[in-house]
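Here's entry-v8.tsv, which has TSV, C-alpha atoms:
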```tsv
chain	number	residue	atom	x	y	z
A	1284	MET	CA	-12.79	-11.81	20.95
A	1285	GLU	CA	-14.59	-8.65	21.99
A	1286	GLN	CA	-13.19	-5.15	22.34
A	1287	ASP	CA	-14.87	-1.83	23.05
A	1288	ALA	CA	-14.03	1.16	20.88
A	1289	LYS	CA	-11.71	3.71	22.43
A	1290	SER	CA	-9.99	6.67	20.91
A	1291	GLN	CA	-7.81	5.29	18.10
A	1292	ILE	CA	-8.71	1.67	18.97
A	1293	PRO	CA	-11.48	-0.09	17.00
A	1294	ALA	CA	-14.55	-1.89	18.34
A	1295	VAL	CA	-14.41	-5.64	17.78
A	1296	ASP	CA	-16.86	-8.51	18.10
A	1297	LEU	CA	-15.41	-11.68	16.62
A	1298	ARG	CA	-17.21	-14.23	18.77
A	1299	MET	CA	-18.88	-15.15	15.44
A	1300	VAL	CA	-22.28	-15.66	17.01
A	1301	GLY	CA	-24.62	-16.57	14.13
A	1302	GLY	CA	-21.56	-16.60	11.87
A	1303	ARG	CA	-21.18	-12.81	11.90
A	1304	GLY	CA	-18.60	-10.47	13.37
A	1305	TYR	CA	-17.16	-7.00	12.92
A	1306	ILE	CA	-14.20	-4.63	13.34
A	1307	ARG	CA	-15.28	-0.99	13.33
A	1308	GLY	CA	-13.62	2.35	14.02
A	1309	ILE	CA	-10.02	3.51	13.95
A	1310	SER	CA	-6.84	1.49	14.37
A	1311	GLY	CA	-4.71	4.54	15.00
A	1312	ILE	CA	-1.84	5.74	17.12
A	1313	ASP	CA	-2.95	3.81	20.22
A	1314	ASP	CA	-3.44	0.58	18.29
A	1315	ARG	CA	-1.21	0.63	15.19
A	1316	GLY	CA	-2.77	-2.53	13.81
A	1317	LYS	CA	-2.33	-4.68	16.93
A	1318	THR	CA	-6.08	-5.40	16.90
A	1319	PHE	CA	-5.66	-7.13	13.52
A	1320	ASP	CA	-2.86	-9.33	14.87
A	1321	ARG	CA	-5.02	-10.40	17.81
A	1322	ALA	CA	-8.06	-10.90	15.59
A	1323	ALA	CA	-6.13	-13.14	13.17
A	1324	LYS	CA	-4.80	-15.30	16.00
A	1325	HIS	CA	-8.26	-15.57	17.56
A	1326	LEU	CA	-10.01	-16.51	14.30
A	1327	LYS	CA	-7.36	-19.10	13.45
A	1328	GLN	CA	-7.88	-20.79	16.82
A	1329	LEU	CA	-11.66	-20.59	16.47
A	1330	ALA	CA	-11.52	-22.09	12.97
A	1331	GLU	CA	-9.39	-24.99	14.18
A	1332	THR	CA	-11.78	-25.63	17.07
A	1333	LYS	CA	-14.97	-25.43	14.99
A	1334	GLY	CA	-13.86	-27.45	11.98
A	1335	GLU	CA	-16.88	-26.34	9.94
A	1336	PHE	CA	-17.96	-22.72	9.67
A	1337	SER	CA	-19.28	-19.97	7.42
A	1338	TRP	CA	-18.38	-16.50	8.58
A	1339	ILE	CA	-19.21	-12.98	7.43
A	1340	ILE	CA	-16.99	-10.28	8.93
A	1341	GLU	CA	-17.75	-6.60	8.49
A	1342	LEU	CA	-14.74	-4.32	8.30
A	1343	ASP	CA	-15.80	-0.71	8.73
A	1344	LEU	CA	-12.75	1.47	9.30
A	1345	LYS	CA	-12.92	5.23	9.54
A	1346	PHE	CA	-9.30	5.66	8.47
A	1347	GLY	CA	-6.49	3.50	7.12
A	1348	PRO	CA	-3.13	4.85	8.25
A	1349	THR	CA	-0.23	2.92	6.69
A	1350	THR	CA	1.13	1.41	9.92
A	1351	SER	CA	-2.25	-0.19	10.64
A	1352	VAL	CA	-2.89	-1.13	7.04
A	1353	LEU	CA	0.21	-3.35	6.99
A	1354	ARG	CA	-1.23	-5.37	9.88
A	1355	LEU	CA	-4.66	-5.38	8.22
A	1356	LEU	CA	-3.20	-6.84	5.01
A	1357	GLU	CA	-1.51	-9.57	7.02
A	1358	PHE	CA	-4.88	-10.23	8.74
A	1359	LEU	CA	-6.56	-10.65	5.33
A	1360	ASP	CA	-3.78	-12.96	4.15
A	1361	ILE	CA	-4.17	-15.15	7.24
A	1362	LEU	CA	-7.95	-15.34	6.73
A	1363	ASN	CA	-7.31	-16.28	3.11
A	1364	ASN	CA	-5.03	-19.10	4.24
A	1365	ILE	CA	-7.66	-20.31	6.72
A	1366	SER	CA	-10.26	-20.28	3.93
A	1367	ARG	CA	-7.96	-22.27	1.69
A	1368	ASP	CA	-6.92	-24.81	4.31
A	1369	ASP	CA	-8.11	-28.22	3.12
A	1370	ALA	CA	-8.08	-29.56	6.66
A	1371	LEU	CA	-10.79	-27.05	7.60
A	1372	ARG	CA	-14.27	-26.88	6.17
A	1373	GLY	CA	-14.75	-23.18	6.38
A	1374	LYS	CA	-15.81	-20.18	4.29
A	1375	ILE	CA	-15.02	-16.57	5.15
A	1376	GLN	CA	-16.45	-13.46	3.57
A	1377	ILE	CA	-15.13	-10.01	4.44
A	1378	ILE	CA	-17.38	-7.05	3.69
A	1379	TRP	CA	-15.01	-4.09	3.67
A	1380	LYS	CA	-16.87	-0.80	3.87
A	1381	VAL	CA	-14.73	2.10	2.66
A	1382	PRO	CA	-15.75	5.78	2.58
A	1383	ALA	CA	-16.22	6.65	-1.12
A	1384	SER	CA	-14.26	9.89	-0.59
A	1385	ASP	CA	-11.20	8.02	0.72
A	1386	THR	CA	-9.05	7.61	-2.40
A	1387	SER	CA	-6.21	6.18	-0.33
A	1388	LEU	CA	-8.12	3.43	1.51
A	1389	LEU	CA	-10.09	2.48	-1.60
A	1390	SER	CA	-6.87	1.93	-3.48
A	1391	THR	CA	-5.53	-0.26	-0.66
A	1392	ALA	CA	-8.72	-2.34	-0.60
A	1393	LYS	CA	-8.73	-2.85	-4.37
A	1394	VAL	CA	-5.06	-3.87	-4.49
A	1395	ALA	CA	-5.60	-6.28	-1.56
A	1396	LYS	CA	-8.56	-7.88	-3.36
A	1397	GLN	CA	-6.54	-8.20	-6.55
A	1398	GLU	CA	-3.52	-9.72	-4.75
A	1399	ILE	CA	-5.72	-12.28	-2.95
A	1400	GLU	CA	-7.60	-13.23	-6.12
A	1401	GLU	CA	-4.39	-13.60	-8.11
A	1402	ARG	CA	-2.83	-15.75	-5.44
A	1403	ASN	CA	-5.92	-17.95	-5.25
A	1404	LYS	CA	-6.11	-18.25	-9.02
A	1405	LYS	CA	-2.48	-19.42	-9.15
A	1406	SER	CA	-2.85	-21.95	-6.34
A	1407	SER	CA	-6.20	-23.28	-7.61
A	1408	LYS	CA	-4.18	-24.92	-10.39
A	1409	GLY	CA	-3.07	-27.33	-7.67
A	1410	ASN	CA	-5.19	-29.88	-5.86
A	1411	SER	CA	-7.11	-27.57	-3.50
A	1412	ASN	CA	-10.87	-27.37	-3.95
A	1413	LYS	CA	-11.15	-24.28	-1.75
A	1414	CYS	CA	-11.70	-20.82	-3.26
A	1415	GLY	CA	-10.12	-18.72	-0.55
A	1416	LEU	CA	-11.26	-15.53	1.11
A	1417	ASP	CA	-14.24	-13.75	-0.44
A	1418	LEU	CA	-13.37	-10.06	-0.12
A	1419	LYS	CA	-16.20	-7.71	-1.01
A	1420	ILE	CA	-15.57	-3.95	-1.13
A	1421	VAL	CA	-18.53	-1.66	-0.47
A	1422	GLU	CA	-18.13	2.08	-1.06
A	1423	LYS	CA	-19.91	4.09	1.64
A	1424	ARG	CA	-21.51	7.33	0.37
B	404	MET	CA	-5.88	31.72	17.74
B	405	THR	CA	-3.98	33.10	20.71
B	406	ARG	CA	-1.34	35.79	20.31
B	407	ARG	CA	1.27	33.29	21.48
B	408	ARG	CA	0.27	30.81	18.79
B	409	ILE	CA	0.33	33.48	16.09
B	410	ASP	CA	3.83	34.43	17.22
B	411	LEU	CA	4.89	30.78	17.13
B	412	ILE	CA	3.65	30.40	13.54
B	413	THR	CA	5.21	33.71	12.48
B	414	ASP	CA	8.57	32.70	13.98
B	415	ALA	CA	8.46	29.26	12.35
B	416	ILE	CA	7.66	30.74	8.91
B	417	SER	CA	10.35	33.37	9.28
B	418	PHE	CA	13.03	30.99	10.63
B	419	HIS	CA	12.57	28.57	7.73
B	420	GLY	CA	12.17	31.33	5.14
B	421	VAL	CA	8.84	30.08	3.79
B	422	LYS	CA	6.83	33.31	3.72
B	423	GLY	CA	5.97	32.68	0.09
B	424	ARG	CA	4.47	29.28	0.91
B	425	LEU	CA	2.46	30.02	4.03
B	426	ARG	CA	0.97	33.27	5.29
B	427	VAL	CA	-0.15	33.58	8.89
B	428	GLU	CA	-3.49	35.01	7.76
B	429	ASP	CA	-4.19	31.83	5.75
B	430	VAL	CA	-3.79	29.53	8.77
B	431	ILE	CA	-7.21	28.33	9.93
B	432	LEU	CA	-6.04	25.82	12.55
B	433	SER	CA	-2.76	24.96	14.21
B	434	TYR	CA	-1.55	22.42	16.73
B	435	VAL	CA	1.60	21.75	18.72
B	436	ARG	CA	2.87	18.18	19.02
B	437	SER	CA	1.32	17.44	22.42
B	438	GLU	CA	-2.12	18.17	20.97
B	439	TYR	CA	-2.03	15.44	18.31
B	440	VAL	CA	0.18	12.60	19.60
B	441	THR	CA	-2.37	11.03	21.95
B	442	GLY	CA	-5.46	9.10	20.87
B	443	ASP	CA	-7.94	11.53	22.40
B	444	GLY	CA	-5.96	14.49	21.11
B	445	LEU	CA	-5.77	13.20	17.54
B	446	ASP	CA	-9.50	12.35	17.50
B	447	LYS	CA	-10.26	15.92	18.52
B	448	VAL	CA	-7.82	17.40	15.99
B	449	LEU	CA	-9.27	15.35	13.10
B	450	GLU	CA	-12.81	16.33	14.03
B	451	GLU	CA	-11.90	20.01	14.28
B	452	ILE	CA	-10.15	20.00	10.92
B	453	ASP	CA	-13.04	18.14	9.26
B	454	ASN	CA	-15.59	20.59	10.66
B	455	ALA	CA	-13.52	23.67	9.79
B	456	LEU	CA	-12.99	22.51	6.18
B	457	ALA	CA	-16.64	21.49	5.77
B	458	ALA	CA	-17.70	24.93	7.02
B	459	ARG	CA	-15.49	26.46	4.30
B	460	GLU	CA	-17.09	24.22	1.67
B	461	VAL	CA	-14.02	22.11	0.96
B	462	GLY	CA	-15.26	19.00	-0.92
B	463	ASP	CA	-15.48	15.49	0.54
B	464	VAL	CA	-12.46	14.09	-1.33
B	465	PRO	CA	-9.93	16.87	-0.55
B	466	ARG	CA	-11.23	17.03	3.04
B	467	ARG	CA	-10.67	13.32	3.50
B	468	SER	CA	-7.22	13.63	1.90
B	469	VAL	CA	-6.27	16.36	4.39
B	470	LEU	CA	-7.40	14.16	7.30
B	471	ASN	CA	-5.37	11.22	5.97
B	472	ILE	CA	-2.30	13.45	5.58
B	473	VAL	CA	-2.63	14.77	9.14
B	474	PHE	CA	-3.06	11.19	10.36
B	475	GLU	CA	0.14	10.07	8.62
B	476	LEU	CA	2.08	13.05	9.97
B	477	ALA	CA	0.85	12.39	13.52
B	478	LEU	CA	1.83	8.72	13.26
B	479	ASN	CA	5.19	9.69	11.84
B	480	SER	CA	5.68	12.07	14.73
B	481	VAL	CA	4.79	9.43	17.31
B	482	MET	CA	7.03	6.78	15.75
B	483	HIS	CA	10.03	8.76	14.56
B	484	SER	CA	10.43	11.85	16.69
B	485	GLY	CA	11.07	11.42	20.36
B	486	ASP	CA	12.72	13.52	22.98
B	487	CYS	CA	14.21	15.92	20.45
B	488	ALA	CA	10.76	16.99	19.28
B	489	SER	CA	9.74	19.62	21.74
B	490	SER	CA	6.31	21.10	22.21
B	491	SER	CA	7.26	23.67	19.58
B	492	GLU	CA	6.73	21.11	16.80
B	493	LEU	CA	3.89	22.71	14.91
B	494	LEU	CA	1.20	21.60	12.48
B	495	ALA	CA	-0.56	24.34	10.53
B	496	ILE	CA	-3.62	23.93	8.32
B	497	GLY	CA	-3.98	26.77	5.82
B	498	LEU	CA	-6.54	27.67	3.18
B	499	ARG	CA	-5.66	29.89	0.24
B	500	ASP	CA	-7.36	30.24	-3.15
B	501	GLY	CA	-9.39	27.10	-2.50
B	502	HIS	CA	-6.35	24.92	-1.77
B	503	VAL	CA	-5.73	23.45	1.67
B	504	SER	CA	-2.13	23.32	2.86
B	505	VAL	CA	-0.81	21.09	5.62
B	506	SER	CA	2.53	22.32	6.96
B	507	LEU	CA	4.55	20.50	9.57
B	508	PHE	CA	7.36	22.41	11.28
B	509	GLY	CA	9.33	19.62	12.90
B	510	LYS	CA	12.45	19.06	14.92
B	511	GLY	CA	14.65	16.06	15.45
B	512	ARG	CA	18.04	14.47	15.16
B	513	SER	CA	19.94	15.37	12.00
B	514	VAL	CA	20.15	11.73	10.99
B	515	GLN	CA	16.35	11.36	11.13
B	516	ILE	CA	15.73	14.55	9.21
B	517	ASN	CA	18.29	13.59	6.57
B	518	ARG	CA	16.52	10.28	6.20
B	519	LEU	CA	13.17	12.04	5.84
B	520	SER	CA	14.72	14.22	3.15
B	521	GLN	CA	15.92	11.11	1.28
B	522	VAL	CA	12.53	9.44	1.60
B	523	ILE	CA	10.81	12.53	0.16
B	524	ALA	CA	13.30	12.73	-2.73
B	525	SER	CA	12.71	9.06	-3.48
B	526	VAL	CA	8.93	9.49	-3.37
B	527	LYS	CA	9.09	12.53	-5.67
B	528	SER	CA	11.04	10.54	-8.26
B	529	ILE	CA	8.15	8.08	-8.74
B	530	ALA	CA	5.86	10.44	-10.65
B	531	ASP	CA	5.24	14.12	-11.25
B	532	PRO	CA	1.97	15.90	-10.42
B	533	PRO	CA	-0.68	16.25	-11.62
B	534	GLU	CA	-0.67	12.70	-13.08
B	535	HIS	CA	0.96	11.09	-10.05
B	536	GLN	CA	-1.77	9.83	-7.74
B	537	ALA	CA	-2.70	6.49	-9.30
B	538	GLU	CA	0.96	5.53	-9.86
B	539	MET	CA	2.00	6.45	-6.31
B	540	LEU	CA	-0.94	4.67	-4.65
B	541	LYS	CA	-0.36	1.57	-6.76
B	542	ARG	CA	3.33	1.56	-5.82
B	543	ARG	CA	2.46	2.06	-2.13
B	544	ASP	CA	-0.17	-0.67	-2.04
B	545	GLU	CA	1.94	-3.25	-3.84
B	546	ASP	CA	4.85	-2.44	-1.54
B	547	ALA	CA	2.57	-2.65	1.53
B	548	TRP	CA	1.31	-6.05	0.41
B	549	ARG	CA	4.88	-7.34	0.04
B	550	ARG	CA	5.93	-5.96	3.43
B	551	ARG	CA	2.77	-6.84	5.37
B	552	ASN	CA	4.41	-9.33	7.70
B	553	GLU	CA	7.50	-7.31	8.56
B	554	PRO	CA	7.67	-6.31	12.22
B	555	GLU	CA	7.12	-2.66	13.12
B	556	SER	CA	10.38	-0.73	13.02
B	557	GLU	CA	11.60	2.83	12.71
B	558	SER	CA	12.67	2.30	9.15
B	559	ARG	CA	9.53	0.57	7.92
B	560	GLY	CA	6.49	2.83	7.93
B	561	GLY	CA	7.98	6.20	6.98
B	562	GLY	CA	8.32	5.56	3.26
B	563	LEU	CA	4.80	4.26	2.83
B	564	GLY	CA	3.35	7.09	4.91
B	565	MET	CA	5.20	9.70	2.86
B	566	LEU	CA	4.06	8.01	-0.34
B	567	THR	CA	0.48	8.35	0.90
B	568	ILE	CA	0.98	12.05	1.67
B	569	ALA	CA	2.58	12.69	-1.73
B	570	ALA	CA	-0.16	10.77	-3.55
B	571	LEU	CA	-2.93	12.73	-1.86
B	572	SER	CA	-1.26	16.09	-2.54
B	573	SER	CA	-2.05	17.98	-5.74
B	574	GLN	CA	1.49	19.37	-5.99
B	575	ALA	CA	4.95	17.97	-5.29
B	576	LEU	CA	5.82	17.91	-1.59
B	577	PHE	CA	7.80	20.90	-0.38
B	578	PHE	CA	10.60	20.19	2.09
B	579	VAL	CA	13.38	22.33	3.56
B	580	GLN	CA	15.65	21.61	6.48
B	581	LYS	CA	17.80	23.85	8.64
B	582	VAL	CA	20.59	23.08	11.04
B	583	LYS	CA	21.39	25.54	13.79
B	584	ASP	CA	23.52	24.91	16.89
B	585	GLN	CA	23.65	21.13	16.24
B	586	LYS	CA	19.84	20.99	16.18
B	587	ALA	CA	17.95	20.23	13.01
B	588	SER	CA	14.52	21.36	11.98
B	589	PHE	CA	12.42	21.13	8.86
B	590	VAL	CA	9.24	22.20	7.12
B	591	LEU	CA	7.21	19.68	5.19
B	592	GLN	CA	4.30	21.10	3.24
B	593	SER	CA	1.58	19.33	1.32
B	594	ILE	CA	-0.93	21.21	-0.83
B	595	VAL	CA	-4.17	19.32	-1.42
```

What does this structure look like when you write it as structure tokens?
Amino acid sequence: MEQDAKSQIPAVDLRMVGGRGYIRGISGIDDRGKTFDRAAKHLKQLAETKGEFSWIIELDLKFGPTTSVLRLLEFLDILNNISRDDALRGKIQIIWKVPASDTSLLSTAKVAKQEIEERNKKSSKGNSNKCGLDLKIVEKR
Amino acid sequence: MTRRRIDLITDAISFHGVKGRLRVEDVILSYVRSEYVTGDGLDKVLEEIDNALAAREVGDVPRRSVLNIVFELALNSVMHSGDCASSSELLAIGLRDGHVSVSLFGKGRSVQINRLSQVIASVKSIADPPEHQAEMLKRRDEDAWRRRNEPESESRGGGLGMLTIAALSSQALFFVQKVKDQKASFVLQSIV
């Protein structure tokens, strides 16, 4: 999946060439998170086709309006499920770059990380050997 | 600012009786709805506000908060106000005593504006400034995580967006509504 940046629509390269991809820019009034829905669907299909993979995805968003953030959280949850899927042999790391001055987006990123880690901790008591999505938050100064 | 725009702001302040909360001379930028409800338009508006506040030495954190508030208001306007919102819907950015104010003079159906009023009242009840930000953001983010897979709807985003605006404001949100000739209008003001 590739997408050029337009006003209020982020740039995307999730072909995962060399195991790396990115989503950068603004998912704003012309996008409202639809990019994240498409990206999740695409990565799920790609994961099922590849079978074995190790991906690093950079998430560098200029803003995080609530409407888009809801779709972004769902995107992260889907990637977590892919990472935990025992039928797949895949690892996914998200490097989420957040402007250090953005109190709002930083809070969202931290809560998302906490929710994913808690969920994975609970389900790791079961039989799964997978650790789930590795979400790394980087504050941009 | 053009004479026409100054008159528009003066009329809006006077009509809603908010002279004590916003003075025309404090307004540094203003926009009508058509200027911020398109992608290109909103990009330009955000850049202008960022530059204007940076030039007046507003710090990185409050500047970013103002941009996030404007973003939420623009999204709210796109999603919740339709035909009733005429070009006279007005967004005014003011600066007074080092505090930035974001004031939205909006129009819409009474039912929508009543709902907005209820949402704001509900948001205000969560916590009182100045110790409100962490509690409100936590509440918003946990709620957003729970509701992440709900489809987009008119009733969904408004509460979370308003919670964001309230959290990023340094004072409680100010809201008044007026009904005249079956038409409803309101002022929503955030002070950062």

Problem set entry | Counting all atoms listed in the file, chain A residues within 12 Å of chain B, as a PyMOL selection string | chain A and resi 1288-1293+1308-1317+1319-1320+1345-1361+1381-1399+1424

For this session: Quick one: pull the distance between CA of Arg1307 (chain A) and CA of Ile496 (chain B), Å, one decimal.
Result: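 For CA of Arg1307 (chain A) relative to CA of Ile496 (chain B), the distance reads 28.0 Å.
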
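Taking CA of Ile594 (chain B) as the reference point, CA of Ala575 (chain B) is found at 8.1 Å.
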
Problem set entry | Answer as a PyMOL selection string, residues within 12 Å of (9.4, 31.0, 3.8) using all atoms listed in the file | chain B and resi 412-427+506+508+577-580+589-592

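The neighbours of Ala495 (chain B) here are the residues that come within 7 Å of it, using all atoms listed in the file and leaving out any residue fewer than 5 positions away in the same chain; they are Val430, Leu432, Ser433, Tyr434, Val505, Ser506 and Leu507 of chain B.
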
For this session: Find the residues near Asp453 (chain B): any atom within 9 Å, counting all atoms listed in the file, skip ones fewer than 3 places away on the same chain, and give them as a ChimeraX atom specification.
Result: /B:448-450,456-458,466-467,469-470

Store the residues picked out above, limited to C-alpha atoms, as a CSV table (one decimal), in the coordinates of the input.
```csv
chain,number,residue,atom,x,y,z
B,448,VAL,CA,-7.8,17.4,16.0
B,449,LEU,CA,-9.3,15.4,13.1
B,450,GLU,CA,-12.8,16.3,14.0
B,456,LEU,CA,-13.0,22.5,6.2
B,457,ALA,CA,-16.6,21.5,5.8
B,458,ALA,CA,-17.7,24.9,7.0
B,466,ARG,CA,-11.2,17.0,3.0
B,467,ARG,CA,-10.7,13.3,3.5
B,469,VAL,CA,-6.3,16.4,4.4
B,470,LEU,CA,-7.4,14.2,7.3
```

For this session: Might you pull out every residue within 10 Å of Gly501 (chain B), with only C-alpha atoms counted and same-chain residues fewer than 4 positions away left off, and present them as an MDAnalysis selection string?
Result: chainID B and resid 459:461 497 595

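Here CA of Ser525 (chain B) stands at a distance of 21.7 Å from CA of Val582 (chain B).
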
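Of the listed residues B:Glu438, B:Arg518, B:Ala524, B:Asp429, the one whose atoms come nearest to Asp500 (chain B) is B:Asp429, with distances taken using only C-alpha atoms.
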
Set up a box along x, y and z of the file covering all listed atoms of region 423-435 of chain B, add 4 Å on every one of the six sides, and write the centre and edge lengths in Å to one decimal, as AutoDock Vina command-line options.
```
--center_x -0.6 --center_y 28.4 --center_z 9.4 --size_x 21.2 --size_y 21.3 --size_z 26.6
```

For this session: For Arg1372 (chain A), work out the shell of residues within 10 Å, counting all atoms listed in the file and skipping chain neighbours fewer than 5 positions away, then give it as a ChimeraX atom specification.
Result: /A:1330-1331,1333-1337,1365-1367,1413

Exercise. Taking into account all atoms listed in the file, which residue in the set A:Leu1342, A:Val1300, A:Met1284, A:Ile1306 is nearest to His1325 (chain A)?
Worked result: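 Among the listed residues, the smallest separation from His1325 (chain A) belongs to A:Met1284.
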